[in-house]
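Report on one structure; see the data block that follows.
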Amino acid sequence: MRTDAGTERLLRDLAPQVLGAVVRRYGHFDAAEDAVQEALLAAATQWPAQGVPDRPRGWLITVASRRLTDQLRSDEALRRREAAAVMAEPPGPAAVVPDDGRASGQDDTLTLLFLCCHPELTPSSQLALTLRAVGGLTTAEIARAFLVPESTMAQRISRAKQRIAAAGARFTAPPAGEWAGRLRVVLHVLYLVFNEGYAATSGGETSRPELTAEAIRLTRAVHRLLPDDGEVAGLLALMLLTEARRPARCEPGGALVPLAEQDRTRWDRKQIDEGLALVTGALTTAPLGPYQVQAAIAAVHAEAATAAETDWPQILALYNLLERITPSPVVTLNRAVAVAMVHGPAAALDLLAALEADDRMAGHHRLAAVRAHCHELVGDRDAAAAAYRAAARTATSLPERRYLEARAARLAGTGGPARVAGTTGAAGAAGVAGTTGVAGTTGVAGSP
């Protein structure tokens, strides 16, 4: 046995490999996933005290296989259907499955992602099942991350597994004709996990670092398996360039700091350098896609030493390109911020007026927030304060709501913190605009 300070990280890395091995051997994805969770829990309990086994993957496969065969034998209906397969090669009480280190363990990560992001599942179910089956998070951890009771999350995960079984989904890669579309779904789910972690949509926390870390880890895994896919590289670059701003994104008390006011010396240079290298490589070697364009926008922000040095004409050109590739009201909203910086707030207000007629965006707090900031730039303090108050009323994130209320209060002459008051230019609206998104979702490319 050997000790390992990174036990939790090791277990999360091994989770999809172990689940893949067990499902390949026994089938029954739903029951196998439960058995692997029990094995992970046993390891988390035993390894810190006893040390990590020399072959941790084999240890986990052995424990999960034993739990699964016990479960199958205890279920009379399943035993009748599966007795021959299960009893043909039962694991001995002291047997350890060989850990041959073969590459299929890593290949299973992508296969599992395809399965967990099955098109029959709702987006919320895809998120939850991905974090549990591929990420190795417990149901309690996922429930805490999304601010729902553990019982609610357990039901969501259970229903997702039942839906996969009912759909007849198999533990195999999608057919060639479905590969590209299914991969887009996988990347979109990872994108949503990151967004929820970076800019929490509800509750009192500005962000949930455990979700951003998990999204980056899983996207790295996909990138290792598909190193030549430009969109995978673009998504990873977008995450890294955005996450690099986290240290400067909030004041010690938790108040949001707009992008234009952040101390850029606190940005994570290592993440920025990696993100820049990824997006540069993708843009020069792969077909263009929306994640690459979003990463390019984030790269322009990252390359500016100060907010005043930001190349807004280039950002506007990139948003124009993104809108042609994946038109959506969220992309238009973000383009309006860039338009305000390049052509002035009046031109941006014309764009926002058109969005009011879009049912997908009308009444959204981020639309009201950008409109408020444009009114403020024009000099219409009353209209700006009213729009900030309207945005605050519909914001579900408490820190964001406080930010918007403070801006409204300052304009109304009733106070408000100086930092909130000091934003100059439409870049300040990026803190609440919701910036770039794909397929109508709220993204993070230009958020604080």
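Ordering of the structure tokens sets the chain letters (A, B, ...); residue numbers start at 1 within each chain; ligands are numbered from 1 in the order shown.
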List as number ranges by chain the protein and nucleic acid residues near Met239 (chain A), meaning an atom at most 9 Å away when only C-alpha atoms are counted, but skip any in the same chain fewer than 2 places from it. A: 191, 194-195, 212, 215-216, 234-237, 241-244, 275, 295, 444-445
Generate the output file for the selected residues, N, CA, C and O atoms, as a PDB file, in the first residue's frame.
ATOM      1  N   TYR A 191     -19.973  22.884 -21.022  1.00  0.00           N
ATOM      2  CA  TYR A 191     -20.067  24.346 -21.051  1.00  0.00           C
ATOM      3  C   TYR A 191     -21.046  24.842 -19.988  1.00  0.00           C
ATOM      4  O   TYR A 191     -20.774  25.813 -19.258  1.00  0.00           O
ATOM      5  N   PHE A 194     -19.591  24.512 -16.497  1.00  0.00           N
ATOM      6  CA  PHE A 194     -18.650  25.595 -16.215  1.00  0.00           C
ATOM      7  C   PHE A 194     -19.382  26.905 -15.948  1.00  0.00           C
ATOM      8  O   PHE A 194     -19.064  27.634 -15.003  1.00  0.00           O
ATOM      9  N   ASN A 195     -20.358  27.232 -16.790  1.00  0.00           N
ATOM     10  CA  ASN A 195     -21.094  28.486 -16.606  1.00  0.00           C
ATOM     11  C   ASN A 195     -21.736  28.574 -15.235  1.00  0.00           C
ATOM     12  O   ASN A 195     -21.685  29.612 -14.571  1.00  0.00           O
ATOM     13  N   THR A 212     -16.546  24.617 -11.714  1.00  0.00           N
ATOM     14  CA  THR A 212     -15.622  25.037 -12.772  1.00  0.00           C
ATOM     15  C   THR A 212     -14.428  24.093 -12.845  1.00  0.00           C
ATOM     16  O   THR A 212     -13.963  23.744 -13.936  1.00  0.00           O
ATOM     17  N   ALA A 215     -15.579  20.918 -14.592  1.00  0.00           N
ATOM     18  CA  ALA A 215     -15.784  21.138 -16.018  1.00  0.00           C
ATOM     19  C   ALA A 215     -14.451  21.193 -16.764  1.00  0.00           C
ATOM     20  O   ALA A 215     -14.304  20.607 -17.843  1.00  0.00           O
ATOM     21  N   ILE A 216     -13.478  21.884 -16.196  1.00  0.00           N
ATOM     22  CA  ILE A 216     -12.165  21.966 -16.830  1.00  0.00           C
ATOM     23  C   ILE A 216     -11.503  20.595 -16.859  1.00  0.00           C
ATOM     24  O   ILE A 216     -10.911  20.192 -17.866  1.00  0.00           O
ATOM     25  N   GLY A 234     -11.154  24.760 -28.354  1.00  0.00           N
ATOM     26  CA  GLY A 234     -11.726  26.077 -28.137  1.00  0.00           C
ATOM     27  C   GLY A 234     -12.476  26.174 -26.830  1.00  0.00           C
ATOM     28  O   GLY A 234     -12.380  27.178 -26.106  1.00  0.00           O
ATOM     29  N   LEU A 235     -13.249  25.140 -26.500  1.00  0.00           N
ATOM     30  CA  LEU A 235     -13.984  25.145 -25.245  1.00  0.00           C
ATOM     31  C   LEU A 235     -13.036  25.146 -24.054  1.00  0.00           C
ATOM     32  O   LEU A 235     -13.230  25.901 -23.085  1.00  0.00           O
ATOM     33  N   LEU A 236     -12.006  24.315 -24.100  1.00  0.00           N
ATOM     34  CA  LEU A 236     -11.039  24.292 -23.001  1.00  0.00           C
ATOM     35  C   LEU A 236     -10.346  25.648 -22.875  1.00  0.00           C
ATOM     36  O   LEU A 236     -10.150  26.155 -21.760  1.00  0.00           O
ATOM     37  N   ALA A 237      -9.988  26.257 -23.996  1.00  0.00           N
ATOM     38  CA  ALA A 237      -9.362  27.581 -23.960  1.00  0.00           C
ATOM     39  C   ALA A 237     -10.301  28.611 -23.352  1.00  0.00           C
ATOM     40  O   ALA A 237      -9.891  29.440 -22.522  1.00  0.00           O
ATOM     41  N   LEU A 241      -9.315  30.754 -20.016  1.00  0.00           N
ATOM     42  CA  LEU A 241      -9.183  32.203 -20.097  1.00  0.00           C
ATOM     43  C   LEU A 241     -10.189  32.903 -19.195  1.00  0.00           C
ATOM     44  O   LEU A 241      -9.913  33.983 -18.654  1.00  0.00           O
ATOM     45  N   THR A 242     -11.353  32.310 -19.029  1.00  0.00           N
ATOM     46  CA  THR A 242     -12.369  32.884 -18.154  1.00  0.00           C
ATOM     47  C   THR A 242     -12.035  32.628 -16.686  1.00  0.00           C
ATOM     48  O   THR A 242     -12.086  33.531 -15.849  1.00  0.00           O
ATOM     49  N   GLU A 243     -11.673  31.393 -16.378  1.00  0.00           N
ATOM     50  CA  GLU A 243     -11.336  31.031 -15.005  1.00  0.00           C
ATOM     51  C   GLU A 243     -10.130  31.824 -14.496  1.00  0.00           C
ATOM     52  O   GLU A 243     -10.016  32.089 -13.289  1.00  0.00           O
ATOM     53  N   ALA A 244      -9.248  32.231 -15.394  1.00  0.00           N
ATOM     54  CA  ALA A 244      -8.063  32.992 -14.995  1.00  0.00           C
ATOM     55  C   ALA A 244      -8.428  34.295 -14.300  1.00  0.00           C
ATOM     56  O   ALA A 244      -7.640  34.830 -13.498  1.00  0.00           O
ATOM     57  N   GLY A 275      -4.490  28.943 -22.281  1.00  0.00           N
ATOM     58  CA  GLY A 275      -5.671  29.226 -23.080  1.00  0.00           C
ATOM     59  C   GLY A 275      -5.322  29.886 -24.403  1.00  0.00           C
ATOM     60  O   GLY A 275      -5.886  29.547 -25.448  1.00  0.00           O
ATOM     61  N   ALA A 295     -13.635  31.783 -27.419  1.00  0.00           N
ATOM     62  CA  ALA A 295     -12.306  31.774 -26.808  1.00  0.00           C
ATOM     63  C   ALA A 295     -11.457  32.917 -27.352  1.00  0.00           C
ATOM     64  O   ALA A 295     -10.674  33.529 -26.620  1.00  0.00           O
ATOM     65  N   VAL A 444     -20.147  33.022 -20.726  1.00  0.00           N
ATOM     66  CA  VAL A 444     -19.281  33.717 -19.792  1.00  0.00           C
ATOM     67  C   VAL A 444     -18.124  34.435 -20.439  1.00  0.00           C
ATOM     68  O   VAL A 444     -17.265  34.957 -19.760  1.00  0.00           O
ATOM     69  N   ALA A 445     -18.068  34.484 -21.751  1.00  0.00           N
ATOM     70  CA  ALA A 445     -16.863  34.983 -22.396  1.00  0.00           C
ATOM     71  C   ALA A 445     -16.520  36.395 -22.036  1.00  0.00           C
ATOM     72  O   ALA A 445     -15.370  36.765 -22.012  1.00  0.00           O
TER      73      ALA A 445
END
Polymer residues at most 12 Å from Ala386 (chain A), only C-alpha atoms, same-chain spacing of 6 or more positions, as number ranges by chain: A: 368-369, 371-373, 375-376, 380, 392-393, 404-405, 407-412
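Each of A:Leu147, A:Ala233, A:Ala44, A:Leu72 was compared to Ala32 (chain A) using only C-alpha atoms, and A:Leu72 turns out to be the nearest.
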Correct to one decimal, the distance CA of Thr306 (chain A)-CA of Leu259 (chain A) is 10.0 Å
So, counting only C-alpha atoms, which residue among A:Ala35, A:Ala384, A:Glu178, A:Arg208 is closest to Ile142 (chain A)?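 Going through A:Ala35, A:Ala384, A:Glu178, A:Arg208 one by one, the smallest distance to Ile142 (chain A) is for A:Arg208.
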Among region 196-343 of chain A, which residues carry a DSSP assignment of helix (DSSP H, G or I), reported as an MDAnalysis selection string? chainID A and resid 196:198 209:225 230:243 246:248 259:261 264:266 269:285 290:303 307:309 312:325 329:343
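Distance check against Asp311 (chain A) using only C-alpha atoms: of A:Val342, A:Ala353, A:Leu183, A:Arg335, the minimum falls on A:Val342.
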Using the chain letters and numbers from this document, which residues of region 201-413 of chain A does DSSP assign to strand (DSSP E or B), as a VMD selection string? chain A and resid 203 250 256 397
With N, CA and C atoms retained, could you export that selection as a PDB file, in the first residue's frame?
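Result went into part_34.pdb, see below:
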ATOM      1  N   GLY A 203     -28.734  31.713  -5.479  1.00  0.00           N
ATOM      2  CA  GLY A 203     -28.069  31.598  -4.179  1.00  0.00           C
ATOM      3  C   GLY A 203     -27.202  32.805  -3.846  1.00  0.00           C
ATOM      4  N   CYS A 250     -14.027  39.284  -7.487  1.00  0.00           N
ATOM      5  CA  CYS A 250     -14.821  39.682  -6.325  1.00  0.00           C
ATOM      6  C   CYS A 250     -13.965  40.406  -5.307  1.00  0.00           C
ATOM      7  N   LEU A 256     -19.273  41.840  -6.481  1.00  0.00           N
ATOM      8  CA  LEU A 256     -18.749  41.690  -7.829  1.00  0.00           C
ATOM      9  C   LEU A 256     -17.891  42.880  -8.229  1.00  0.00           C
ATOM     10  N   SER A 397     -29.346  35.578  -8.778  1.00  0.00           N
ATOM     11  CA  SER A 397     -28.104  35.509  -8.014  1.00  0.00           C
ATOM     12  C   SER A 397     -28.067  36.683  -7.042  1.00  0.00           C
TER      13      SER A 397
END
Nearest-residue call for Leu137 (chain A), choices A:Ala255, A:Leu41, A:Ala21, A:Ala173, using only C-alpha atoms: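 Going through A:Ala255, A:Leu41, A:Ala21, A:Ala173 one by one, the smallest distance to Leu137 (chain A) is for A:Leu41.
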At a cut-off of 10 Å, using only C-alpha atoms, what residues contact Glu323 (chain A)? Leave out same-chain residues fewer than 4 positions from it and give the result as a list of chain:residue names.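 Listed by chain and then number, they are A:Pro290, A:Ala317, A:Leu318, A:Tyr319, A:Pro327, A:Ser328, A:Pro329, A:Val330, A:Val331, A:Thr332, A:Asn334, A:Arg335, A:Thr436, A:Val438.
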